[in-house]
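Peer 1: protein_25.txt is reproduced in full below (compact mmCIF, C-alpha atoms).
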```txt
# COMPACT_ATOMS: atom_id res chain seq x y z
CA MET A 145 30.20 0.36 6.54
CA CYS A 146 26.42 0.88 6.60
CA PHE A 147 25.90 -2.77 5.66
CA LEU A 148 28.20 -3.93 8.45
CA HIS A 149 26.22 -1.79 10.90
CA LYS A 150 23.02 -3.44 9.75
CA VAL A 151 24.53 -6.88 10.27
CA LYS A 152 25.61 -5.97 13.81
CA LEU A 153 22.13 -4.62 14.49
CA ALA A 154 20.61 -7.96 13.47
CA GLU A 155 23.10 -9.90 15.61
CA ASN A 156 22.37 -7.93 18.79
CA LEU A 157 18.71 -7.13 18.29
CA THR A 158 16.55 -5.80 21.11
CA TYR A 159 13.01 -4.40 21.20
CA ARG A 160 14.46 -0.90 21.49
CA LYS A 161 16.67 -1.37 18.41
CA THR A 162 13.74 -2.86 16.51
CA PHE A 163 11.64 0.17 17.36
CA ARG A 164 14.39 2.58 16.28
CA PHE A 165 14.82 0.75 12.97
CA TRP A 166 11.04 0.50 12.41
CA GLY A 167 10.21 4.05 13.55
CA PRO A 168 11.32 5.98 10.45
CA LEU A 169 9.61 3.47 8.15
CA ALA A 170 6.40 3.66 10.17
CA LEU A 171 6.58 7.45 10.09
CA THR A 172 7.00 7.24 6.31
CA TRP A 173 3.85 5.16 5.93
CA LEU A 174 2.00 7.36 8.40
CA MET A 175 2.81 10.51 6.44
CA MET A 176 1.67 8.82 3.23
CA ALA A 177 -1.54 7.79 4.97
CA PHE A 178 -2.35 11.43 5.73
CA GLU A 179 -1.98 12.62 2.15
CA GLN A 180 -5.36 11.29 0.97
CA PRO A 181 -7.36 12.72 3.91
CA PHE A 182 -5.61 16.04 3.29
CA LEU A 183 -6.60 16.09 -0.38
CA ILE A 184 -10.10 14.78 0.37
CA ALA A 185 -10.57 17.69 2.76
CA PHE A 186 -9.94 20.04 -0.20
CA ILE A 187 -12.17 18.14 -2.62
CA ALA A 188 -15.05 17.88 -0.13
CA ARG A 189 -15.10 21.68 0.29
CA MET A 190 -15.30 22.44 -3.43
CA SER A 191 -18.24 22.55 -5.80
CA ASP A 192 -19.64 19.21 -7.02
CA ALA A 193 -17.89 17.50 -4.12
CA LYS A 194 -19.83 14.25 -4.44
CA PHE A 195 -18.94 13.86 -8.14
CA ASN A 196 -15.28 14.81 -7.67
CA LEU A 197 -14.81 12.54 -4.65
CA ALA A 198 -16.28 9.65 -6.64
CA ALA A 199 -14.11 10.44 -9.70
CA PHE A 200 -10.96 10.75 -7.57
CA GLY A 201 -11.77 7.42 -5.92
CA ILE A 202 -12.28 5.67 -9.27
CA ALA A 203 -9.11 7.11 -10.86
CA GLY A 204 -7.16 6.33 -7.71
CA SER A 205 -8.36 2.72 -7.69
CA PHE A 206 -7.19 2.25 -11.29
CA ALA A 207 -3.86 3.95 -10.56
CA MET A 208 -3.36 1.62 -7.60
CA ILE A 209 -4.04 -1.57 -9.53
CA ILE A 210 -1.78 -0.43 -12.39
CA GLU A 211 1.08 0.22 -9.94
CA SER A 212 0.44 -3.06 -8.10
CA PRO A 213 3.14 -5.10 -9.91
CA VAL A 214 5.86 -2.71 -8.68
CA ILE A 215 4.77 -2.52 -5.04
CA MET A 216 6.91 -5.44 -3.87
CA LEU A 217 10.12 -4.04 -5.38
CA MET A 218 11.02 -2.68 -1.96
CA SER A 219 10.85 -6.15 -0.39
CA ALA A 220 12.69 -7.69 -3.35
CA SER A 221 15.43 -5.05 -3.21
CA THR A 222 15.80 -5.47 0.56
CA ALA A 223 16.04 -9.24 0.22
CA LEU A 224 18.14 -9.64 -2.95
CA VAL A 225 20.49 -6.68 -3.50
CA ARG A 226 23.79 -7.68 -1.87
CA GLY A 227 26.39 -6.47 -4.37
CA ALA A 228 27.12 -5.22 -7.88
CA ASN A 229 25.60 -8.09 -9.87
CA SER A 230 22.34 -8.33 -7.92
CA TYR A 231 21.93 -4.54 -8.09
CA LYS A 232 22.39 -4.43 -11.87
CA VAL A 233 20.06 -7.37 -12.48
CA LEU A 234 17.29 -6.06 -10.25
CA LYS A 235 17.68 -2.54 -11.69
CA ARG A 236 17.21 -3.95 -15.21
CA PHE A 237 14.19 -5.90 -13.99
CA THR A 238 12.77 -2.70 -12.46
CA ASP A 239 13.24 -0.79 -15.74
CA ILE A 240 11.31 -3.44 -17.67
CA LEU A 241 8.53 -3.65 -15.09
CA ASN A 242 8.07 0.13 -14.98
CA ALA A 243 7.83 0.31 -18.77
CA VAL A 244 5.20 -2.45 -18.85
CA VAL A 245 2.91 -0.89 -16.21
CA THR A 246 3.11 2.53 -17.88
CA LEU A 247 2.15 0.97 -21.22
CA ILE A 248 -0.82 -0.76 -19.57
CA GLN A 249 -2.04 2.57 -18.22
CA LEU A 250 -1.76 4.17 -21.67
CA LEU A 251 -3.82 1.34 -23.17
CA LEU A 252 -6.48 1.69 -20.49
CA LEU A 253 -6.79 5.40 -21.33
CA ILE A 254 -7.93 4.64 -24.89
CA PRO A 255 -11.39 6.30 -24.84
CA PHE A 256 -13.30 3.30 -26.20
CA LEU A 257 -11.73 0.86 -23.73
CA PHE A 258 -12.06 3.18 -20.74
CA SER A 259 -15.71 3.88 -21.59
CA ARG A 260 -16.55 0.19 -21.94
CA ILE A 261 -15.08 -0.56 -18.50
CA VAL A 262 -16.21 2.44 -16.46
CA THR A 263 -19.56 3.41 -17.98
CA GLY A 264 -20.39 0.03 -19.48
CA LEU A 265 -19.35 -2.54 -16.87
CA MET A 266 -19.29 -0.35 -13.76
CA GLU A 267 -22.28 1.77 -14.79
CA VAL A 268 -20.60 4.96 -13.57
CA PRO A 269 -22.44 8.12 -14.75
CA ASP A 270 -20.92 9.76 -17.85
CA ASP A 271 -19.91 13.00 -16.11
CA VAL A 272 -18.11 11.12 -13.31
CA ALA A 273 -16.45 8.79 -15.87
CA ALA A 274 -15.11 11.77 -17.85
CA LEU A 275 -13.65 13.28 -14.69
CA SER A 276 -12.11 9.92 -13.78
CA ARG A 277 -10.40 9.46 -17.17
CA ASN A 278 -8.83 12.92 -17.05
CA ALA A 279 -7.63 12.29 -13.51
CA LEU A 280 -6.12 8.97 -14.60
CA ILE A 281 -4.23 10.78 -17.37
CA ILE A 282 -2.74 13.03 -14.69
CA PHE A 283 -1.73 9.87 -12.80
CA LEU A 284 0.51 8.70 -15.71
CA PRO A 285 3.91 9.24 -13.97
CA TRP A 286 2.60 7.57 -10.81
CA ALA A 287 3.38 3.87 -11.35
CA ALA A 288 6.94 4.19 -12.67
CA SER A 289 7.79 6.74 -9.96
CA ILE A 290 6.55 4.30 -7.32
CA GLY A 291 8.60 1.51 -8.88
CA TYR A 292 11.93 3.38 -8.83
CA ARG A 293 11.25 4.88 -5.43
CA ARG A 294 10.54 1.49 -3.83
CA PHE A 295 13.53 -0.15 -5.54
CA TYR A 296 15.93 2.43 -4.12
CA GLN A 297 14.19 2.50 -0.74
CA GLY A 298 14.88 -1.22 -0.39
CA ILE A 299 18.60 -0.49 -0.76
CA LEU A 300 18.37 2.23 1.90
CA ILE A 301 16.61 -0.17 4.27
CA ARG A 302 19.16 -2.88 3.57
CA ASN A 303 21.89 -0.44 4.60
CA ASN A 304 20.13 0.72 7.78
CA LEU A 305 19.36 4.15 6.32
CA THR A 306 15.67 4.15 7.16
CA ARG A 307 15.71 7.83 8.11
CA ARG A 308 16.48 8.71 4.50
CA VAL A 309 13.29 6.90 3.51
CA THR A 310 11.46 9.27 5.84
CA TYR A 311 13.22 12.29 4.36
CA GLY A 312 11.99 11.26 0.91
CA THR A 313 8.45 11.06 2.22
CA LEU A 314 8.82 14.53 3.73
CA VAL A 315 9.62 15.77 0.22
CA ARG A 316 6.50 14.00 -1.07
CA LEU A 317 4.26 15.39 1.65
CA SER A 318 5.63 18.91 1.20
CA VAL A 319 4.85 18.81 -2.52
CA ILE A 320 1.34 17.50 -1.87
CA VAL A 321 0.60 20.28 0.60
CA GLY A 322 2.16 23.03 -1.51
CA LEU A 323 0.79 21.95 -4.88
CA GLY A 324 -2.58 21.05 -3.35
CA LEU A 325 -2.94 24.57 -1.95
CA ILE A 326 -1.89 26.17 -5.24
CA LEU A 327 -4.35 24.10 -7.26
CA TYR A 328 -7.13 24.61 -4.70
CA PHE A 329 -6.89 28.40 -4.88
CA SER A 330 -6.49 28.24 -8.66
CA GLY A 331 -9.99 26.82 -8.97
CA VAL A 332 -8.93 23.48 -10.50
CA ARG A 333 -11.56 20.74 -10.22
CA GLY A 334 -11.29 18.61 -7.11
CA ALA A 335 -10.50 15.28 -8.79
CA TYR A 336 -7.64 16.92 -10.72
CA ILE A 337 -6.23 18.47 -7.53
CA GLY A 338 -5.98 15.03 -5.93
CA ALA A 339 -4.46 13.30 -8.97
CA GLY A 340 -2.07 16.15 -9.79
CA ALA A 341 -0.73 16.63 -6.29
CA MET A 342 -0.18 12.89 -5.71
CA SER A 343 1.41 12.28 -9.11
CA VAL A 344 3.91 15.17 -8.95
CA ALA A 345 4.69 14.47 -5.29
CA VAL A 346 5.66 10.84 -5.81
CA LEU A 347 7.82 11.79 -8.81
CA CYS A 348 9.70 14.29 -6.62
CA GLU A 349 10.06 11.64 -3.91
CA ALA A 350 11.55 9.17 -6.39
CA ILE A 351 14.11 11.76 -7.53
CA ALA A 352 15.01 12.64 -3.93
CA THR A 353 15.40 8.96 -3.02
CA ARG A 354 17.75 8.41 -5.95
CA PHE A 355 19.97 11.24 -4.72
CA MET A 356 19.97 9.92 -1.14
CA VAL A 357 20.97 6.39 -2.18
CA SER A 358 23.97 7.57 -4.25
CA SER A 359 26.63 6.93 -1.60
CA SER A 360 25.27 3.42 -0.92
CA LEU A 361 25.25 2.63 -4.64
CA LYS A 362 28.92 3.60 -5.01
CA GLN A 363 29.82 1.18 -2.23
CA LEU A 364 27.44 -1.47 -3.57
CA LEU A 365 29.00 -1.43 -7.03
CA LEU A 366 32.40 -2.10 -5.46
CA THR A 367 31.09 -5.02 -3.38
CA ASP A 368 31.65 -8.61 -4.55
CA ASP A 369 28.29 -10.31 -4.87
CA THR A 370 29.17 -13.56 -3.12
CA GLU A 371 25.59 -14.45 -2.12
CA ASN A 372 23.80 -13.52 -5.37
CA ALA A 373 26.58 -13.77 -7.93
CA ASN A 374 24.44 -16.00 -10.17
CA LEU A 375 21.29 -13.90 -9.96
CA SER A 376 19.65 -13.44 -13.37
CA LEU A 377 16.51 -11.86 -14.79
CA LYS A 378 14.98 -15.33 -14.94
CA SER A 379 15.68 -16.10 -11.27
CA VAL A 380 14.47 -12.65 -10.21
CA ALA A 381 11.26 -13.15 -12.20
CA LYS A 382 10.71 -16.56 -10.55
CA PHE A 383 11.17 -15.01 -7.09
CA TYR A 384 9.20 -11.86 -7.86
CA PHE A 385 6.21 -13.18 -9.82
CA PRO A 386 4.30 -14.48 -6.75
CA LEU A 387 5.00 -11.19 -4.97
CA ALA A 388 3.74 -9.16 -7.94
CA LEU A 389 0.70 -11.41 -8.19
CA THR A 390 0.04 -10.77 -4.52
CA SER A 391 -0.01 -7.00 -5.07
CA ILE A 392 -2.07 -7.32 -8.25
CA LEU A 393 -4.68 -9.42 -6.47
CA SER A 394 -4.61 -7.21 -3.37
CA LEU A 395 -5.03 -3.91 -5.21
CA GLY A 396 -7.02 -5.49 -8.05
CA VAL A 397 -9.95 -5.75 -5.70
CA ASN A 398 -10.58 -2.00 -6.04
CA PRO A 399 -12.23 -2.11 -9.50
CA PHE A 400 -14.40 -5.03 -8.31
CA VAL A 401 -15.46 -3.01 -5.29
CA THR A 402 -16.23 -0.03 -7.54
CA PHE A 403 -18.22 -2.36 -9.82
CA PHE A 404 -20.43 -3.58 -6.97
CA LEU A 405 -20.74 -0.14 -5.40
CA GLY A 406 -22.02 1.20 -8.71
CA ARG A 407 -24.86 -1.32 -8.51
CA SER A 408 -25.60 -0.99 -4.81
CA ARG A 409 -28.12 1.00 -2.84
CA MET A 410 -26.95 4.63 -2.50
CA ALA A 411 -24.30 4.00 -5.18
CA LEU A 412 -22.95 7.52 -5.74
CA GLU A 413 -22.91 8.28 -2.02
CA SER A 414 -21.02 5.02 -1.36
CA LEU A 415 -18.47 5.81 -4.08
CA ALA A 416 -17.92 9.20 -2.45
CA VAL A 417 -17.73 7.94 1.14
CA LEU A 418 -15.57 4.81 0.76
CA PRO A 419 -12.30 6.71 -0.01
CA VAL A 420 -12.89 8.89 3.07
CA VAL A 421 -13.46 5.95 5.42
CA SER A 422 -10.67 3.88 3.84
CA SER A 423 -8.16 6.72 4.14
CA LEU A 424 -8.88 7.03 7.87
CA VAL A 425 -8.48 3.28 8.41
CA PHE A 426 -5.30 3.32 6.32
CA ILE A 427 -3.69 5.71 8.79
CA PHE A 428 -3.71 2.88 11.34
CA ARG A 429 -3.01 0.12 8.82
CA SER A 430 0.07 2.03 7.66
CA LEU A 431 1.88 1.44 10.96
CA GLY A 432 1.98 -2.29 10.23
CA LEU A 433 2.78 -2.21 6.54
CA SER A 434 6.45 -1.44 7.15
CA LEU A 435 6.91 -4.57 9.30
CA GLN A 436 7.49 -6.68 6.20
CA GLU A 437 10.75 -4.94 5.31
CA VAL A 438 11.78 -4.65 8.97
CA ASN A 439 11.50 -8.40 9.48
CA ILE A 440 13.38 -9.17 6.24
CA ALA A 441 16.23 -6.86 7.25
CA LEU A 442 16.49 -7.82 10.93
CA ILE A 443 15.62 -11.54 11.16
CA GLY A 444 19.32 -12.48 11.16
CA LYS A 445 21.20 -15.12 9.16
CA GLU A 446 20.20 -17.85 11.60
CA LYS A 447 16.66 -16.46 12.03
CA GLN A 448 17.62 -15.89 15.67
CA ASN A 449 15.52 -12.72 16.00
CA TYR A 450 12.22 -14.33 15.03
CA PHE A 451 10.64 -14.25 18.49
CA ILE A 452 11.61 -10.63 19.14
CA LEU A 453 10.04 -9.61 15.83
CA ARG A 454 6.96 -11.75 16.44
CA ASN A 455 6.36 -10.18 19.85
CA PHE A 456 6.89 -6.74 18.36
CA ALA A 457 4.21 -7.51 15.75
CA ILE A 458 1.76 -8.63 18.45
CA PHE A 459 2.36 -5.39 20.34
CA MET A 460 1.81 -3.38 17.17
CA GLY A 461 -1.50 -5.16 16.59
CA LEU A 462 -2.73 -3.83 19.92
CA VAL A 463 -1.30 -0.36 19.28
CA VAL A 464 -3.18 0.10 16.00
CA THR A 465 -6.49 -1.27 17.32
CA VAL A 466 -7.06 0.87 20.42
CA PRO A 467 -7.01 4.36 18.82
CA ILE A 468 -9.25 3.44 15.87
CA MET A 469 -11.79 1.95 18.31
CA LEU A 470 -11.63 5.18 20.29
CA ILE A 471 -12.45 7.19 17.18
CA ALA A 472 -15.14 4.83 15.87
CA PHE A 473 -17.19 4.68 19.07
CA THR A 474 -16.89 8.27 20.30
CA PRO A 475 -17.76 11.76 18.97
CA LEU A 476 -14.24 11.86 17.50
CA ALA A 477 -15.71 10.15 14.41
CA ASP A 478 -18.04 13.08 13.83
CA ILE A 479 -15.16 15.53 14.26
CA TRP A 480 -13.12 13.61 11.68
CA PHE A 481 -15.82 13.21 9.05
CA THR A 482 -17.47 16.62 9.29
CA ASN A 483 -14.91 19.08 10.71
CA ILE A 484 -11.70 17.62 9.25
CA SER A 485 -12.81 15.75 6.11
CA GLY A 486 -15.52 18.31 5.36
CA LEU A 487 -18.27 15.81 4.49
CA SER A 488 -21.87 16.93 4.35
CA ARG A 489 -24.18 15.64 7.06
CA GLU A 490 -25.66 13.11 4.58
CA LEU A 491 -22.27 11.63 3.71
CA ALA A 492 -20.96 11.77 7.29
CA ASP A 493 -23.96 9.79 8.57
CA LEU A 494 -23.19 7.12 5.99
CA SER A 495 -19.57 6.82 7.25
CA TYR A 496 -20.00 5.83 10.89
CA LEU A 497 -21.11 2.19 10.52
CA PRO A 498 -18.43 1.26 7.94
CA LEU A 499 -15.74 2.66 10.25
CA LYS A 500 -17.00 0.52 13.16
CA ILE A 501 -16.96 -2.57 10.94
CA LEU A 502 -13.36 -1.90 9.88
CA ILE A 503 -11.81 -1.45 13.35
CA PHE A 504 -9.95 -4.79 13.29
CA LEU A 505 -8.57 -4.35 9.76
CA PRO A 506 -5.36 -2.60 10.94
CA ALA A 507 -4.49 -5.46 13.34
CA LEU A 508 -5.18 -8.06 10.64
CA THR A 509 -2.91 -6.07 8.31
CA VAL A 510 -0.09 -6.08 10.88
CA TRP A 511 -0.24 -9.84 11.32
CA LEU A 512 -0.57 -10.60 7.61
CA ASN A 513 2.53 -8.53 6.80
CA PHE A 514 4.45 -10.35 9.52
CA GLN A 515 3.36 -13.68 8.02
CA ARG A 516 4.32 -12.60 4.51
CA SER A 517 7.80 -11.55 5.61
CA SER A 518 8.48 -15.09 6.88
CA PHE A 519 7.82 -16.56 3.43
CA ILE A 520 9.90 -13.90 1.65
CA ILE A 521 12.80 -14.63 4.02
CA HIS A 522 12.40 -18.34 3.33
CA GLY A 523 12.27 -17.71 -0.44
CA SER A 524 8.90 -19.48 -0.85
CA THR A 525 6.62 -16.70 -2.04
CA ALA A 526 3.80 -18.80 -3.59
CA PRO A 527 1.72 -19.08 -0.35
CA ILE A 528 1.58 -15.27 -0.25
CA SER A 529 -0.15 -15.20 -3.64
CA ILE A 530 -2.55 -17.98 -2.64
CA SER A 531 -3.58 -16.16 0.54
CA THR A 532 -4.17 -12.96 -1.42
CA ALA A 533 -6.24 -14.85 -4.00
CA ILE A 534 -8.35 -16.20 -1.13
CA GLU A 535 -8.81 -12.66 0.15
CA LEU A 536 -9.90 -11.40 -3.28
CA ILE A 537 -12.36 -14.27 -3.81
CA VAL A 538 -13.89 -13.80 -0.37
CA ILE A 539 -14.27 -10.05 -0.92
CA ILE A 540 -16.05 -10.58 -4.25
CA ILE A 541 -18.38 -13.27 -2.85
CA VAL A 542 -19.29 -11.22 0.23
CA LEU A 543 -19.88 -8.12 -1.89
CA PHE A 544 -22.12 -10.09 -4.26
CA VAL A 545 -24.18 -11.51 -1.41
CA CYS A 546 -24.46 -8.22 0.51
CA VAL A 547 -25.31 -6.08 -2.54
CA VAL A 548 -27.47 -8.45 -4.62
CA PHE A 549 -29.27 -10.54 -2.00
CA MET A 550 -29.18 -8.43 1.19
CA ASN A 551 -29.50 -4.98 -0.44
CA PHE A 552 -26.92 -3.44 1.89
CA THR A 553 -25.67 0.09 1.30
CA GLY A 554 -22.59 -0.22 -0.91
CA VAL A 555 -20.05 1.17 1.55
CA VAL A 556 -21.32 -1.11 4.34
CA ALA A 557 -21.11 -4.16 2.06
CA ALA A 558 -17.54 -3.21 1.08
CA SER A 559 -16.49 -2.83 4.73
CA ILE A 560 -17.83 -6.26 5.66
CA ALA A 561 -16.12 -7.78 2.62
CA PHE A 562 -12.73 -6.19 3.42
CA VAL A 563 -12.70 -7.59 6.96
CA ALA A 564 -13.90 -11.04 5.90
CA GLY A 565 -11.29 -11.26 3.12
CA LYS A 566 -8.40 -10.20 5.32
CA LEU A 567 -9.46 -12.57 8.11
CA LEU A 568 -9.63 -15.61 5.81
CA SER A 569 -6.25 -14.69 4.32
CA ASN A 570 -4.74 -14.62 7.82
CA ILE A 571 -6.34 -17.94 8.71
CA TYR A 572 -4.88 -19.59 5.58
CA MET A 573 -1.37 -18.26 6.28
CA ALA A 574 -1.26 -18.96 10.04
CA PRO A 575 -0.50 -22.72 10.13
CA ARG A 576 1.96 -22.52 7.23
CA GLN A 577 3.84 -19.63 8.79
CA GLN A 578 3.94 -21.47 12.13
CA GLU A 579 5.48 -24.47 10.41
CA LEU A 580 8.28 -22.25 9.09
CA ALA A 581 8.77 -20.74 12.54
CA ARG A 582 9.04 -24.17 14.17
CA GLY A 583 11.79 -25.07 11.72
CA TRP A 584 13.70 -21.89 12.56
CA GLY A 585 13.22 -22.51 16.29
CA THR A 586 14.73 -25.98 15.91
CA ALA A 587 17.67 -24.57 13.96
CA PHE A 588 18.72 -21.89 16.42
CA ASN A 589 17.89 -23.87 19.57
CA SER A 590 19.97 -26.88 18.52
```
Mind turning the file's structure into structure tokens?
Peer 2:
Amino acid sequence: MCFLHKVKLAENLTYRKTFRFWGPLALTWLMMAFEQPFLIAFIARMSDAKFNLAAFGIAGSFAMIIESPVIMLMSASTALVRGANSYKVLKRFTDILNAVVTLIQLLLLIPFLFSRIVTGLMEVPDDVAALSRNALIIFLPWAASIGYRRFYQGILIRNNLTRRVTYGTLVRLSVIVGLGLILYFSGVRGAYIGAGAMSVAVLCEAIATRFMVSSSLKQLLLTDDTENANLSLKSVAKFYFPLALTSILSLGVNPFVTFFLGRSRMALESLAVLPVVSSLVFIFRSLGLSLQEVNIALIGKEKQNYFILRNFAIFMGLVVTVPIMLIAFTPLADIWFTNISGLSRELADLSYLPLKILIFLPALTVWLNFQRSSFIIHGSTAPISISTAIELIVIIIVLFVCVVFMNFTGVVAASIAFVAGKLLSNIYMAPRQQELARGWGTAFNS
């Protein structure tokens, strides 16, 4: 019944229906975007704030790249799970993927290997590196929890149960707030507060999501898989590999950024400030990240809803740009960095220019996710990986030039690199995505 409702929604799509379908997913991302600023506000008010912020940022960047292969499970689940066979195959694929990423994290935590990477290659001070390793140990349940949560969320989205995705995030946010407060008043070190609260919270969210998807799974297992009856692990891997590579390349940039920041002017300050600035920008980027799954679910069998979804994406690009500009160029920035985030005057002063540089990143994120959804719908995921590789290469080149030759402050160099990489990725995707759209236009106008 839920699936039939989703089909009818796609057949009679309007901007209002699109907004109602997108709203809970956007709220989910928005709530997740606030969790880091919330935890940073705790860490910044504790002793050794600069060291703990840097350690939390380093551990978080490693946790993100380790989880990167599972990020696209939500899109894969939304696109592929149509009945009993496709569910069982993709569930088995998810189990294998989660086991692999957890094993990778365990290997990285081997003291010799971790030391060679963080203190050797990145030149992070020993005390910060020790904090980072302990925080990364606390992050151990993170990747697999993300994998299962996103797999089941895709099934909820496919069945037009986006509000349940939001409910799961409410569980996550509640745990972060509650556990964060308990750890804060218990005197636990700041980096451990951040890692512990995020790790436990996402595990609880995964468990809650599994409970909420139960009724859909019962119906799914009774559904004949007419569309994906021949789906196999091999075919899933062929479809998913470019998507996983996209996430790996996208999140894999974080260690490279940390590497260059460690060698930049004002290195420790930049390592401390970048997570604060990035978390603020992510609040606005988050509103566009959910568009990928929305477009996959609502495009329609004949791709008849393409123009409605495209116009909705354009509108969202404007929506996410205006408020971040308002913050970046008014005293609201000072309120955010000093009063809310709790940064010292030294660190707050270092944050203003990077924020101004990053004001167009949310809009670029909206458009890139819209472009990616077109290729996932079409089943040709390779261009997504190529565009992400371009983004990664551009970021590394710009960082190298800005840090080595221009002697920019690390956080400023990183901000310039992020915008340049995302812009070039969009430029690569634009003509190819337009070619797909022209084909769809011909199909449903004929």
Peer 1: Measure the distance from CA of Ala350 (chain A) to CA of Gly331 (chain A) in Å and round it to one decimal.
Peer 2: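 These two atoms are separated by 28.0 Å.
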Peer 1: Pick the closest to Leu431 (chain A) from A:Leu508, A:Leu317, A:Leu497, A:Leu568: which is it, counting all atoms listed in the file?
Peer 2: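 Residue with the minimum atom-to-atom distance to Leu431 (chain A): A:Leu508.
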Peer 1: Restricting the calculation to only C-alpha atoms: of A:Phe195, A:Ala177, A:Ala477, A:Asn455, which residue gets closest to Pro269 (chain A)?
Peer 2: A:Phe195
Peer 1: Using all atoms listed in the file, determine which residues lie at most 9 Å from His522 (chain A), disregarding the query and same-chain residues fewer than 4 positions distant; provide the list as a ChimeraX atom specification.
Peer 2: /A:517-518,580
Peer 1: So that I can check the surroundings of region 493-495 of chain A, please list as a PyMOL selection string every protein, DNA and RNA residue that reaches within 12 Å of it, counting only C-alpha atoms and ignoring chain neighbours fewer than 3 positions away.
Peer 2: chain A and resi 409-425+472+477-482+485+487-490+498-502+552-556+558-559
Peer 1: Take the residues that were just selected and, keeping C-alpha atoms, output them as a PDB file, in the frame of the given file.
Peer 2:
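In the end it all went to part_0.pdb:
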```
ATOM      1  CA  ARG A 409     -28.120   1.000  -2.840  1.00  0.00           C
ATOM      2  CA  MET A 410     -26.950   4.630  -2.500  1.00  0.00           C
ATOM      3  CA  ALA A 411     -24.300   4.000  -5.180  1.00  0.00           C
ATOM      4  CA  LEU A 412     -22.950   7.520  -5.740  1.00  0.00           C
ATOM      5  CA  GLU A 413     -22.910   8.280  -2.020  1.00  0.00           C
ATOM      6  CA  SER A 414     -21.020   5.020  -1.360  1.00  0.00           C
ATOM      7  CA  LEU A 415     -18.470   5.810  -4.080  1.00  0.00           C
ATOM      8  CA  ALA A 416     -17.920   9.200  -2.450  1.00  0.00           C
ATOM      9  CA  VAL A 417     -17.730   7.940   1.140  1.00  0.00           C
ATOM     10  CA  LEU A 418     -15.570   4.810   0.760  1.00  0.00           C
ATOM     11  CA  PRO A 419     -12.300   6.710  -0.010  1.00  0.00           C
ATOM     12  CA  VAL A 420     -12.890   8.890   3.070  1.00  0.00           C
ATOM     13  CA  VAL A 421     -13.460   5.950   5.420  1.00  0.00           C
ATOM     14  CA  SER A 422     -10.670   3.880   3.840  1.00  0.00           C
ATOM     15  CA  SER A 423      -8.160   6.720   4.140  1.00  0.00           C
ATOM     16  CA  LEU A 424      -8.880   7.030   7.870  1.00  0.00           C
ATOM     17  CA  VAL A 425      -8.480   3.280   8.410  1.00  0.00           C
ATOM     18  CA  ALA A 472     -15.140   4.830  15.870  1.00  0.00           C
ATOM     19  CA  ALA A 477     -15.710  10.150  14.410  1.00  0.00           C
ATOM     20  CA  ASP A 478     -18.040  13.080  13.830  1.00  0.00           C
ATOM     21  CA  ILE A 479     -15.160  15.530  14.260  1.00  0.00           C
ATOM     22  CA  TRP A 480     -13.120  13.610  11.680  1.00  0.00           C
ATOM     23  CA  PHE A 481     -15.820  13.210   9.050  1.00  0.00           C
ATOM     24  CA  THR A 482     -17.470  16.620   9.290  1.00  0.00           C
ATOM     25  CA  SER A 485     -12.810  15.750   6.110  1.00  0.00           C
ATOM     26  CA  LEU A 487     -18.270  15.810   4.490  1.00  0.00           C
ATOM     27  CA  SER A 488     -21.870  16.930   4.350  1.00  0.00           C
ATOM     28  CA  ARG A 489     -24.180  15.640   7.060  1.00  0.00           C
ATOM     29  CA  GLU A 490     -25.660  13.110   4.580  1.00  0.00           C
ATOM     30  CA  PRO A 498     -18.430   1.260   7.940  1.00  0.00           C
ATOM     31  CA  LEU A 499     -15.740   2.660  10.250  1.00  0.00           C
ATOM     32  CA  LYS A 500     -17.000   0.520  13.160  1.00  0.00           C
ATOM     33  CA  ILE A 501     -16.960  -2.570  10.940  1.00  0.00           C
ATOM     34  CA  LEU A 502     -13.360  -1.900   9.880  1.00  0.00           C
ATOM     35  CA  PHE A 552     -26.920  -3.440   1.890  1.00  0.00           C
ATOM     36  CA  THR A 553     -25.670   0.090   1.300  1.00  0.00           C
ATOM     37  CA  GLY A 554     -22.590  -0.220  -0.910  1.00  0.00           C
ATOM     38  CA  VAL A 555     -20.050   1.170   1.550  1.00  0.00           C
ATOM     39  CA  VAL A 556     -21.320  -1.110   4.340  1.00  0.00           C
ATOM     40  CA  ALA A 558     -17.540  -3.210   1.080  1.00  0.00           C
ATOM     41  CA  SER A 559     -16.490  -2.830   4.730  1.00  0.00           C
TER      42      SER A 559
END
```
Peer 1: Extract, using all atoms listed in the file, all DNA, RNA and protein residues at most 9 Å from Leu157 (chain A), discarding same-chain residues fewer than 5 positions from it, and format them as a list in words.
Peer 2: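 Returned residues: Lys152, Thr162, Leu442, Ile443, Gly444, Asn449 and Ile452 of chain A.
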Peer 1: Using all atoms listed in the file, determine which residues lie at most 12 Å from Met175 (chain A), disregarding the query and same-chain residues fewer than 3 positions distant; provide the list as a ChimeraX atom specification.
Peer 2: /A:168-172,178-182,309-318,320-321,423,426-428,430-431
Peer 1: Find the spatial neighbours of Ile537 (chain A), counting all atoms listed in the file, within a cut-off of 10 Å - ignore same-chain residues fewer than 6 positions away - and output them as a ChimeraX atom specification.
Peer 2: /A:393,397,531,543,561,565
Peer 1: Using all atoms listed in the file, which of the listed residues (A:Val563, A:Ile503, A:Ile521, A:Ala287) sits closest to Leu470 (chain A)?
Peer 2: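 Result for the nearest residue to Leu470 (chain A): A:Ile503.
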Peer 1: Have a look at A:Met176, A:Leu505, A:Ile261, A:Ile541 and name the one nearest to Lys566 (chain A); count all atoms listed in the file.
Peer 2: A:Leu505
